[in-house]
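Asks: Shown below is the structure under consideration.
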Amino acid sequence: VYEVNPAIVDQYVFISSGAATDPNLYFRGTTAVDETAWSMTDPNSEYSFTATLDSTYSWAIVEAIDGYAHNGTDNPALTVDVSMLNNIDPNNIIGPIWSYESTKSQPTITQQPADIRVFASDPTAVFTVQFTSLVNPVTVTWYKDDVALEDGVGNVTVVTDEFASSTLTIASPSLADEGKYYCILSVDEESEEDDIQSATRLLVIKQLLAQYTFDNPADRLADTGELAAEVGVTRAAAQGKSVAGLAEPNEMLATNVALTFVPGIEGDAVYLDGAQFIDLDANGYPRAGSLNTFGDIRGSGYEKDGFGRGMDEGSILCWVKLESDGAVTMNANIADGTHYGVTTNGTTSARIIVRGENWDEGWQNLGEANGDYQMEAFDLQDGQWHMFAATWDNSTARVYVNGEQVATNTQGYTERYFPWDLGNLIGASRSGQPNRHILNANDFITGAIDSVRIYNYAISADAIATEYMNKNTQGIVPCENHNFVGNEFNFVNTASSYCIIDLEDFAEFAKNWLADGLYVQP
């Protein structure tokens, strides 16, 4: 509708006030000075105004075309009466609306703190937040469990660059230091309006959460819980139960039973007869639903339920002498979203599953892995002691048999683990939802179980291989990575070797021998 070469007689600028409550663009340039500044013949014309911090400004240019009416007149010049952009005669040329944000008075966080996991033997635990502040210096206050921390008080040190970063260092961290940490960044200590809170992060002490040796004469089912409130305290909550004689293995109707104990891999072991199980109760490990936070970077309401007690990252190690397939240890909530299990899957394989829930209300497997032990004529039910281990961290689950990894799987990041509404089990599993109180009759273990341990971190493959090598009665040295696929040669039994010596190894050996004098050790 516009002329190809319109007769433009003037140009005008419309600018917003910057107020969030007033998005209109108003006419600027009503004085002689302004009109002179906006010279039609000067391509470098400027329009100056005073901006404020923390504001958004928008502007548009209008080109008045000769002959079109403005505000009911035939004068092409715009007037104060036509004060808003939306009042301009649309036959004039109205440019696009541009905008920009002025400098912020408050800091901008560029890197949030991260969750920290350390051993009590580690020298420090460190949280760091990085930020920018173009105008004002920033003061940073760190908090633990909503209590402000002070530099130099106790084992806490805080170092802050007032325009860049702040680091909280906790020396010789212990169980007493576990908790949720965050910081508040401020440019005006007298006002909270410009304060910014970082994401809440956790300090978790890596530890053995519980172990069942089945040796204690006073209470063979006692565990050694290591929560801060339980240090040095034996938690005797586990009970032996039986569903023998029930029409269905209803956990709610199970009767308490005195279990049988037999010689184990070390000391004694518990023997389950195919209708028995051990109930570790809902406070057993791995534990879900404790050590919560106010939320992650997305704000309050995104609590990290169950972090730090074995569900979000952990390990289960145990020894078994089996006469049947079945569940070694497991638990699952009625709604199924929070769930874990270590089971056999035939006479040669083991399986691990760890499941939690995400904020979209759907369940999410952290990982599920199932694999066979690759030894000739191998049988889990051969009357020998065998070692099971499972680890999970960083969205990856791994399962080990006799010190060797047999499977690994990465599936997803799980955001929360709801508190258990049923007890953790040894020797049995539950049917699918909604009948979780009904035990799966096909998953009861017949056989002996010993030295069950639960950790809140992933035990290394080296540690798992070493335990099996030191304790197995057949003198077997485990291969750390039996199914390795790659091109490193098997000169030493390491995580990068593949436990098979073949012609490629001999060729590589011969090449190195001739070139470097490499020779076979006695």
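Labels for the structure tokens follow display order: chains A, B, ..., residues from 1 in each chain, ligands from 1.
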Name all residues at most 8 Å from range 460-467 of chain A (count only C-alpha atoms; drop same-chain ones fewer than 2 positions away) and give them as a list in words.
Replies: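 Near range 460-467 of chain A, the qualifying residues are Ala389, Asn402, Gly403, Glu404, Gln405, Ala458, Met469, Asn470, Lys471, Pro478, Cys479 and Glu480 of chain A.
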Asks: Could you please take those selected residues and save C-alpha atoms as a compact mmCIF listing (two decimals), in the first residue's frame?
Replies:
# COMPACT_ATOMS: atom_id res chain seq x y z
CA ALA A 389 27.95 -56.42 43.48
CA ASN A 402 32.63 -62.79 41.08
CA GLY A 403 34.47 -59.49 40.81
CA GLU A 404 33.85 -59.02 37.10
CA GLN A 405 31.49 -56.50 35.53
CA ALA A 458 29.79 -46.29 43.73
CA MET A 469 40.18 -62.31 44.73
CA ASN A 470 40.92 -62.18 48.47
CA LYS A 471 37.88 -64.11 49.68
CA PRO A 478 38.99 -62.01 38.51
CA CYS A 479 39.23 -60.21 35.21
CA GLU A 480 38.25 -56.60 35.79
Asks: Between CA of Thr343 in chain A and CA of Trp420 in chain A, what is the distance in Å, rounded to a tenth?
Replies: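 Going from CA of Thr343 in chain A over to CA of Trp420 in chain A, I get 19.4 Å.
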Asks: Taking the backbone alone, and naming residues the way the document does, which bits of range 234-367 of chain A are strand (DSSP E) by DSSP, as an NGL selection string?
Replies: :A and (239-242 or 255-256 or 260-263 or 268-273 or 276-281 or 295-296 or 299-300 or 314-322 or 327-332 or 339-344 or 349-357 or 363-367)
Asks: How many Å separate CA of Asp279 in chain A from CA of Gly326 in chain A?
Replies: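 Atom-to-atom, CA of Asp279 in chain A and CA of Gly326 in chain A are spaced 15.7 Å apart.
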Asks: Which is closest to Asp188 in chain A among A:Val135, A:Leu503, A:Val147, A:Leu168, if we use only C-alpha atoms?
Replies: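 Using only C-alpha atoms, the shortest distance to Asp188 in chain A belongs to A:Val135.
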Asks: Please measure the separation of CA of Val140 in chain A and CA of Gly308 in chain A, giving the value in Å to one decimal.
Replies: 26.4 Å
Asks: Smallest atom-to-atom distance to Val126 in chain A: which of A:Leu202, A:Ile352, A:Ile454, A:Ala60, using only C-alpha atoms?
Replies: A:Leu202
Asks: Go through A:Ala120, A:Val342, A:Ile8, A:Val243 one by one, measure the shortest atom-to-atom distance of each to Thr329 in chain A using only C-alpha atoms, and give the residue with the smallest value.
Replies: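 With only C-alpha atoms as the atom set, the closest residue is A:Val342.
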Asks: In terms of the shortest atom-to-atom distance over only C-alpha atoms, which of A:Gln384, A:Leu272, A:Pro419, A:Gln374 is closest to Thr338 in chain A?
Replies: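 Looking at the shortest contact to Thr338 in chain A, the residue is A:Pro419.
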Asks: Compile the contact shell of Gln207 in chain A as a ChimeraX atom specification: residues with an atom at most 10 Å away, counting only C-alpha atoms, same-chain residues fewer than 2 positions apart removed.
Replies: /A:117-120,175,204-205,209-210,226-227,308-310,314,454-457
Asks: Give me a file of those residues, with C-alpha atoms, as a tab-separated table (two decimals), in the first residue's frame.
Replies:
chain	number	residue	atom	x	y	z
A	117	ARG	CA	30.43	-36.05	47.75
A	118	VAL	CA	33.58	-36.63	49.79
A	119	PHE	CA	34.98	-39.13	52.24
A	120	ALA	CA	35.43	-38.10	55.85
A	175	LEU	CA	29.01	-36.36	59.13
A	204	VAL	CA	27.19	-35.89	51.30
A	205	ILE	CA	29.81	-37.90	53.17
A	209	LEU	CA	25.41	-47.01	55.30
A	210	ALA	CA	24.68	-50.47	56.65
A	226	GLU	CA	26.08	-44.81	60.05
A	227	LEU	CA	23.73	-41.83	59.86
A	308	GLY	CA	22.65	-39.04	50.02
A	309	ARG	CA	21.26	-42.27	51.50
A	310	GLY	CA	22.02	-44.70	48.71
A	314	GLY	CA	25.19	-46.25	45.84
A	454	ILE	CA	25.08	-50.88	51.32
A	455	TYR	CA	27.05	-47.72	50.47
A	456	ASN	CA	26.02	-44.24	49.35
A	457	TYR	CA	28.63	-44.09	46.60
Asks: Under the rule that only C-alpha atoms are counted, which of A:Tyr143, A:Trp319, A:Tyr340, A:Phe261 is the nearest residue to Ser429 in chain A?
Replies: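 With only C-alpha atoms as the atom set, the closest residue is A:Tyr340.
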Asks: Determine, counting only C-alpha atoms, which protein, DNA and RNA residues have an atom within 8 Å of an atom of Ala441 in chain A; residues of the same chain fewer than 2 positions away are not included. Present the result as a list in words.
Replies: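 The contact residues come out as Glu248, Pro249, Leu439, Asp443 and Phe444 of chain A.
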